[in-house]
Amino acid sequence: LQFINSDPDVITLYMRWLDVLGVVPERVRFRVSIHESANVAEAEGFWASLVGVDTAAFQTPTLKKHNPKTNRKNTSDTYRGCLVISVLKSADLYRRMEGAWYGIVGAASAADLANRA
């Protein structure tokens, strides 16, 4: 199971969800996905602090090649790339999360229909 996002609040929510589902920290792996021109060490430090692990626990980052033809907007000092969270041995966890997600989407869809009536 892999999850990737750049929003610290979404990452915090996902980590809490893993905790609620009983995922032990030993099964969780972290990796930063970031543009090669960014400060990788700083990004790893930010994400490690957010999720409560040491930067030594991070896997090798994925570096996105710089394309000078694109006009990137995420070039400020606050750019930290994305955090990739992987959970080992997660087939059952995937099914549990998928079921919960379908329930959330179904409830939201039913509420939308009720509000339109």
# chains A, B, ... in the order shown; residues from 1 in each chain; ligands from 1
>>> closest_atom_pairs(of="stretch 14-52 of chain A", to="stretch 76-93 of chain A", cutoff="7 Å", atoms="only C-alpha atoms", output="Markdown table")
| residue | atom | partner | partner_atom | distance |
| --- | --- | --- | --- | --- |
| A:Arg27 | CA | A:Leu88 | CA | 5.1 |
| A:Val28 | CA | A:Val87 | CA | 4.6 |
| A:Arg29 | CA | A:Ser86 | CA | 5.0 |
| A:Phe30 | CA | A:Ile85 | CA | 4.9 |
| A:Arg31 | CA | A:Val84 | CA | 5.1 |
| A:Val32 | CA | A:Leu83 | CA | 4.8 |
| A:Ser33 | CA | A:Cys82 | CA | 5.1 |
| A:Ile34 | CA | A:Gly81 | CA | 4.3 |
| A:His35 | CA | A:Gly81 | CA | 7.0 |
| A:Ala43 | CA | A:Arg80 | CA | 4.6 |
| A:Trp47 | CA | A:Leu83 | CA | 6.9 |
>>> residues_around(residues="A:Val20", least_positions_apart="4", cutoff="12 Å", atoms="only C-alpha atoms", output="compact mmCIF listing (two decimals) with N, CA and C atoms, in the first residue's frame")
# COMPACT_ATOMS: atom_id res chain seq x y z
N LEU A 13 -3.31 13.13 8.86
CA LEU A 13 -4.56 12.36 8.89
C LEU A 13 -4.32 10.90 8.48
N TYR A 14 -3.56 10.70 7.40
CA TYR A 14 -3.27 9.35 6.93
C TYR A 14 -2.49 8.55 7.99
N MET A 15 -1.50 9.18 8.60
CA MET A 15 -0.72 8.50 9.64
C MET A 15 -1.62 8.12 10.82
N ARG A 16 -2.54 9.00 11.15
CA ARG A 16 -3.49 8.69 12.24
C ARG A 16 -4.38 7.53 11.86
N VAL A 24 1.61 -1.27 12.77
CA VAL A 24 2.78 -1.02 13.64
C VAL A 24 3.84 -0.25 12.85
N LEU A 93 -4.84 -4.75 4.62
CA LEU A 93 -5.03 -3.33 4.96
C LEU A 93 -5.63 -2.58 3.78
N ARG A 96 -9.30 -3.26 3.64
CA ARG A 96 -10.01 -2.57 4.72
C ARG A 96 -10.16 -1.08 4.41
N MET A 97 -9.10 -0.46 3.93
CA MET A 97 -9.14 0.97 3.60
C MET A 97 -10.06 1.21 2.41
>>> atom_distance(atom1="atom CA of A:Asn5", atom2="atom CA of A:Ala108")
22.4 Å
>>> atom_distance(atom1="atom CA of A:Pro61", atom2="atom CA of A:Ile11")
17.2 Å
